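J.: Dropping a structure here in structure tokens format, bear with me for questions.
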Amino acid sequence: MKPRALRRGSHEERPVAARILDGRAMADRWRAWVKAQVAAFRDRTGRVPGLATILIGDHPASQSYVRAKQRACAEVGIRTLHHHLPGEADRRTVLGLLGRLADDPEVHGILVQLPLPPHLDEEEILGAIPLEKDVDGFHPWNIGRLGLKGRDPYFVPCTPLGILTMLQEAQIPIAGRRAVVLGRSRIVGLPMALLLLRLDATVTVCHSRTPHLAEVTRQADLLIVAAGRPGLVRGEMVRPGAAVIDVGIHRVPDPQAPGGYRLVGDVVFEEVIQVAGALTPVPGGVGPMTVAMLLVNTLKAAQRQVEGSASPWPEPPPATAPL
Ligand code: GUN
């Protein structure tokens, strides 16, 4: 990263604020690109990419995430079929539905929104999604292939893929850099670490049992924060000039804000912006790119199933892909 200019303060010289990585603007360009690709696919094949979404239970945040994904699909011409099952749905019901969707030629992608109710075994449910329809990339085979250099998965999970795309578009180097990932979830932390490793970063994964967290995070050129704890990362935990990616999103009460709450991330934005070289905001950072990458993955699922090939990596290269 380039050395940054210094701002003259009253007591000392401080670095100027970080570059903000605008996920909304990037996602807009990717959605426009997917829309054009969907239209071209339709012209070539007479088919429309189809995504089945499954929500089990009434988790309010999950309901709003699934709605946002459906809306984004509709905007780019991807057909969605939504299945909302009651929270007490048993494994046979869920597996039966997955079996029907697996056999349905109009369904190219299947997304089971997480978290599942506790009586369902995540491994069993996600393992029942056919590999070529696993647009979330959560099947153990897809996760495993992500960790094997020289072997591609069919799909890369949407949030890590969105983060990679943001880093690439911002021309933030990965190979040879020290990356620290906070969190080890199936949705973000674990696949993010595997992805950075295959791109030749030196990767450390931290979690709730990691002692002396700040000592580790201060080593990072790239700090990916997906810990699920509002305000976990303070300014003094960040190496000057580091790229900081905030995956957290939390509602905190705020009587001044419309609706009585505002959204914050895992990072204390006002502090980290003074230290980092680049930073994603919340909202408007990683979230829109996650949804955009789901569209990319669904398009690729349809291309692979109907036309026979598709790479799991964003194509054409991200620096030139957005229209
Ligand atoms: N829950 C939170 N994020 C995600 C996601 O990206 N995919 C699914 N399936 N569930 C989630």
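Each chain of the structure tokens is named A, B, ... in the order shown, its residues numbered from 1; ligands are numbered from 1 in display order.
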Could you list, as a list in words, all the residues within 7 Å of ligand 1, counting only C-alpha atoms and all ligand atoms?
T.: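 Using only C-alpha atoms and all ligand atoms, I find these residues within 7 Å of ligand 1: Ser62, Leu111, Val112, Gln113, Leu114, Pro115, Asp136, Cys158, Thr159, Ile187 and Thr290 of chain A.
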J.: What residues in stretch 48-283 of chain A get the DSSP label strand (DSSP E or B)? Please answer as a PyMOL selection string.
T.: chain A and resi 50-56+79-85+109-112+178-182+202-206+222-225+233+243-246+250-253+261-264+267+278-279
J.: Selected residues, C-alpha atoms, written as a short mmCIF file (atom, residue, chain, number, x, y, z; two decimals), in the first residue's frame, please.
T.:
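The new file result.cif reads:
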```
data_model
loop_
_atom_site.label_atom_id
_atom_site.label_comp_id
_atom_site.auth_asym_id
_atom_site.auth_seq_id
_atom_site.Cartn_x
_atom_site.Cartn_y
_atom_site.Cartn_z
CA GLY A 50 -33.31 -20.21 -11.28
CA LEU A 51 -32.52 -19.98 -7.56
CA ALA A 52 -34.48 -21.84 -4.87
CA THR A 53 -34.31 -20.25 -1.42
CA ILE A 54 -35.27 -22.19 1.71
CA LEU A 55 -35.97 -20.50 5.01
CA ILE A 56 -36.78 -22.67 8.01
CA ARG A 79 -36.05 -16.48 -11.24
CA THR A 80 -36.50 -17.31 -7.55
CA LEU A 81 -38.67 -19.97 -5.95
CA HIS A 82 -39.05 -19.48 -2.22
CA HIS A 83 -39.86 -22.24 0.28
CA HIS A 84 -40.66 -21.14 3.81
CA LEU A 85 -40.88 -24.08 6.20
CA GLY A 109 -29.02 -22.98 -7.42
CA ILE A 110 -30.24 -23.94 -3.94
CA LEU A 111 -29.72 -21.74 -0.89
CA VAL A 112 -30.65 -22.89 2.62
CA ARG A 178 0.04 -11.12 6.53
CA ALA A 179 -3.68 -11.76 6.78
CA VAL A 180 -5.52 -12.12 10.08
CA VAL A 181 -9.08 -13.46 10.03
CA LEU A 182 -11.21 -12.97 13.14
CA THR A 202 0.33 -15.82 5.42
CA VAL A 203 -2.86 -16.48 7.33
CA THR A 204 -3.69 -16.46 11.05
CA VAL A 205 -7.20 -17.34 12.21
CA CYS A 206 -8.33 -15.94 15.58
CA LEU A 222 -5.13 -7.49 5.82
CA LEU A 223 -7.55 -7.73 8.72
CA ILE A 224 -10.84 -9.53 8.04
CA VAL A 225 -13.23 -9.13 10.94
CA VAL A 233 -11.80 -3.98 16.84
CA ALA A 243 -6.73 -2.94 4.88
CA VAL A 244 -9.60 -3.68 7.28
CA ILE A 245 -12.70 -5.54 6.12
CA ASP A 246 -15.66 -5.37 8.50
CA HIS A 250 -25.51 -5.27 14.23
CA ARG A 251 -28.50 -3.13 15.19
CA VAL A 252 -27.77 -0.86 18.14
CA PRO A 253 -30.43 1.33 19.78
CA TYR A 261 -31.60 2.02 15.80
CA ARG A 262 -28.52 2.22 13.63
CA LEU A 263 -26.30 -0.41 12.05
CA VAL A 264 -22.73 -0.92 13.21
CA VAL A 267 -15.04 -2.50 13.92
CA ALA A 278 -8.48 1.04 3.57
CA LEU A 279 -11.74 0.22 5.36
#
```
J.: So how many Å separate atom CA of A:Met192 and atom CA of A:Leu21, to one decimal?
T.: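 One can read the atom CA of A:Met192 to atom CA of A:Leu21 distance as 17.9 Å.
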J.: Could you work out how far atom CA of A:Ser64 lies from atom CA of A:Thr298, giving the answer in Å with one decimal?
T.: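 Calculated distance between atom CA of A:Thr298 and atom CA of A:Ser64 is 19.5 Å.
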J.: For A:Pro130, find every residue with an atom within 10 Å (counting only C-alpha atoms), except residues of its own chain fewer than 4 positions away, and show them as a VMD selection string.
T.: chain A and resid 98 to 99 101 to 103 108 to 110 126 134 to 135 139
J.: Which is closer to A:Ser309 than all the others in A:Glu88, A:Glu169, A:Asp28, A:Glu132, using only C-alpha atoms?
T.: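 Comparing A:Glu88, A:Glu169, A:Asp28, A:Glu132 against A:Ser309, the winner is A:Glu132.
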J.: Quick one: DSSP alpha helix (DSSP H) residues in stretch 52-101 of chain A, as a ChimeraX atom specification?
T.: /A:60-76,91-101
J.: Which polymer residues have any atom within 9 Å of an atom of A:Pro140, counting only C-alpha atoms, with same-chain residues fewer than 3 positions away left out, as a ChimeraX atom specification?
T.: /A:123,126-127,137,143-145
J.: When you look at A:Ala242 with a cut-off of 6 Å (counting only C-alpha atoms), what residues show up, excluding the ones that are within fewer than 6 positions of it in the same chain? I need them as a list in words.
T.: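 In the requested form, the answer reads Asp221, Leu222, Ala276 and Gly277 of chain A.
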J.: Any idea what's packed within 12 Å of stretch 41-47 of chain A, counting only C-alpha atoms, ignoring anything in its chain fewer than 5 positions away? Could you give it as JSON, numbers by chain?
T.: {"A": [34, 35, 36, 76, 77, 78, 79, 105, 106, 107, 108, 299, 300, 301, 302, 303, 304, 305, 306, 307, 308]}
J.: Any chance you can output those residues with C-alpha atoms as an mmCIF file, in the first residue's frame?
T.:
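The file below, result33.cif, is the result:
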```
data_model
loop_
_atom_site.group_PDB
_atom_site.id
_atom_site.type_symbol
_atom_site.label_atom_id
_atom_site.label_comp_id
_atom_site.auth_asym_id
_atom_site.auth_seq_id
_atom_site.Cartn_x
_atom_site.Cartn_y
_atom_site.Cartn_z
ATOM 1 C CA VAL A 34 -24.767 -10.148 -14.160
ATOM 2 C CA LYS A 35 -27.915 -8.660 -15.688
ATOM 3 C CA ALA A 36 -26.229 -8.415 -19.086
ATOM 4 C CA VAL A 76 -31.129 -9.036 -12.817
ATOM 5 C CA GLY A 77 -33.601 -11.502 -14.343
ATOM 6 C CA ILE A 78 -32.875 -14.553 -12.139
ATOM 7 C CA ARG A 79 -36.047 -16.484 -11.239
ATOM 8 C CA PRO A 105 -34.096 -28.718 -14.106
ATOM 9 C CA GLU A 106 -35.459 -25.164 -13.657
ATOM 10 C CA VAL A 107 -33.581 -24.841 -10.348
ATOM 11 C CA HIS A 108 -29.884 -24.170 -10.905
ATOM 12 C CA LEU A 299 -25.459 -17.354 -13.113
ATOM 13 C CA LYS A 300 -22.445 -19.692 -13.123
ATOM 14 C CA ALA A 301 -24.556 -22.572 -11.794
ATOM 15 C CA ALA A 302 -26.953 -22.134 -14.714
ATOM 16 C CA GLN A 303 -24.099 -21.815 -17.216
ATOM 17 C CA ARG A 304 -22.441 -24.983 -15.893
ATOM 18 C CA GLN A 305 -25.642 -27.039 -15.866
ATOM 19 C CA VAL A 306 -26.991 -25.847 -19.211
ATOM 20 C CA GLU A 307 -23.839 -25.062 -21.199
ATOM 21 C CA GLY A 308 -21.338 -27.335 -19.528
#
```
